[in-house]
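S.K.: Below are the structure tokens for one structure; questions will follow.
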Amino acid sequence: MPGSTWDVNTPGVMQLPSGRLIRGRGLRHPATNGPPPELGVYLQGREPAGFEWDSRWVRWWDFWLPSDQQAFAGVLREVLQRCTVERVEISCSGGLGRTGIALACLVALDGLPGQYVVDYVRRNYSHRAVETPWQRRFATRFDARHLCSEQNSSLPRRARSWRPSWAARIRSGVMPRPCAYQYRGRRRGQARNFARCPNV
């Protein structure tokens with residue numbers, strides 16, 4: 001029925017702190033019986049096939065972070081507004097990592113402090129949600145970044161065009177190191193020695 005939200009007993013449905021209902025699911029799992037969503041947000045590396053309902057695609061590779069974080073924040077603001085009176089779902093391939101992060105960020109936008117959002121999603125959605133340490137850091141710091149992006153939106157385009165380098169992101173803990181091991185010993189004939197990278 002158009003203009004109605006989810007049943008709280010529907011599998012995958014999570015209640016936000018404000019009482020709004022949102023559904024998370026994995027695309028590789030069969031859809032549950034019941035009414036379809038009116039808006040779907042799909043967190044995939046490649047754009048998924050067309051749906052019969054309104055949909056938004058966020059480019060997001062598995063185990064990583066959204067490629068365009070400001071666009072991701074904009075989609076979540078739309079989700080928070082529309083899930084009050086509509087059925088909205090957020091999905092990735094398995095319905096745990098990327099979906100769990102998006103739900104945690106949505107909880108932060110709904111007013112819960114960042115340090116509690118991951119635990120909230122794990123209690124009310126799935127205990128396996130948010131799979132990696134850098135995904136957890138992204139979710140717990142999302143609210144502050146979102147506010148900063150809104151403040152920066154009034155700046156000139158040149159002032160907003162700067163992006164931190166990969167090295168700066170790794171040092172700050174926003175992104176993981178590209179490899180968990182580093183190679184030592186590059187002289188010819190020297191035996192290979194792989195050592196664990198620090199702070200991984």
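Residues in the structure tokens are numbered from 1 in each chain, the chains being A, B, ... in the order shown, and ligands are numbered from 1 in the order shown.
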Near stretch 101-118 of chain A, counting only C-alpha atoms, which residues have an atom at most 6 Å away, once you skip same-chain residues fewer than 6 positions from it, shown as a PDB file with N, CA, C and O atoms, in the first residue's frame?
M.R.:
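Result saved to out-v5.pdb:
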```pdb
ATOM      1  N   VAL A 130      28.620  -4.289  10.239  1.00  0.00           N
ATOM      2  CA  VAL A 130      29.859  -3.483  10.261  1.00  0.00           C
ATOM      3  C   VAL A 130      31.046  -4.423  10.478  1.00  0.00           C
ATOM      4  O   VAL A 130      31.413  -4.753  11.604  1.00  0.00           O
ATOM      5  N   ALA A 139      31.727   4.916  10.544  1.00  0.00           N
ATOM      6  CA  ALA A 139      30.375   5.074  11.081  1.00  0.00           C
ATOM      7  C   ALA A 139      30.362   5.934  12.340  1.00  0.00           C
ATOM      8  O   ALA A 139      29.497   6.801  12.507  1.00  0.00           O
ATOM      9  N   THR A 140      31.331   5.723  13.251  1.00  0.00           N
ATOM     10  CA  THR A 140      31.330   6.477  14.500  1.00  0.00           C
ATOM     11  C   THR A 140      31.687   7.946  14.289  1.00  0.00           C
ATOM     12  O   THR A 140      31.294   8.796  15.085  1.00  0.00           O
ATOM     13  N   ASP A 143      28.826  11.477  11.778  1.00  0.00           N
ATOM     14  CA  ASP A 143      28.019  12.650  12.104  1.00  0.00           C
ATOM     15  C   ASP A 143      28.850  13.924  12.042  1.00  0.00           C
ATOM     16  O   ASP A 143      28.426  14.931  11.490  1.00  0.00           O
TER      17      ASP A 143
END
```
S.K.: Which of these, A:Gln135, A:Thr32, A:Ser18, A:Thr99, has the shortest distance to A:Val121 once you count only C-alpha atoms?
M.R.: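 Closest to A:Val121 of all the choices is A:Thr99.
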S.K.: When you count only C-alpha atoms, which of these residues is closest to A:Ser67: A:Gln81, A:Gln44, A:Ser55, A:Ser93?
M.R.: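 Nearest to A:Ser67: A:Gln44.
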S.K.: For each of A:Ala31, A:Leu16, A:Val88, A:Val8, take the minimum atom-to-atom distance to A:Arg56, counting only C-alpha atoms, then give the residue where this is smallest.
M.R.: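 Once distances to A:Arg56 are computed over only C-alpha atoms, the minimum belongs to A:Val88.
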S.K.: To one decimal place in Å, what is the distance between atom CA of A:Leu21 and atom CA of A:Leu43?
M.R.: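 Between atom CA of A:Leu21 and atom CA of A:Leu43 the gap works out to 18.9 Å.
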S.K.: Which residues come within 10 Å of A:Phe72, counting only C-alpha atoms, excluding same-chain residues fewer than 3 positions away, as a PyMOL selection string?
M.R.: chain A and resi 41+43+56-60+66-69+75-77+102+105+146
S.K.: For the atom pair atom CA of A:Thr132 and atom CA of A:Leu80, what is the interatomic distance in Å to one decimal place?
M.R.: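 Pair atom CA of A:Thr132 / atom CA of A:Leu80 returns 24.7 Å.
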S.K.: So how many Å separate atom CA of A:Arg20 and atom CA of A:Trp6, to one decimal?
M.R.: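 Going from atom CA of A:Arg20 over to atom CA of A:Trp6 covers 9.2 Å.
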S.K.: Quick one: residues within 12 Å of A:Gly34, only C-alpha atoms counted, chain neighbours fewer than 2 positions away excluded, as a list in words?
M.R.: Met1, Thr5, Trp6, Asp7, Asn9, Thr10, Pro11, Ala31, Thr32, Pro36, Pro37 and Arg87 of chain A
S.K.: Measuring between only C-alpha atoms, which one of A:Val13, A:Cys92, A:Ala129, A:Leu39 shows the shortest distance to A:Glu78?
M.R.: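 Among the listed residues, the smallest separation from A:Glu78 belongs to A:Leu39.
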S.K.: Looking at only C-alpha atoms, which of A:Gly24, A:Ala49, A:Arg122, A:Glu38 is the one that sits closest to A:Gly94?
M.R.: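 Residue with the minimum atom-to-atom distance to A:Gly94: A:Gly24.
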S.K.: Using only C-alpha atoms, pick whichever of A:Ser4, A:Gly97, A:Trp61, A:Trp53 has the shortest atom-to-atom distance to A:Pro133.
M.R.: A:Gly97
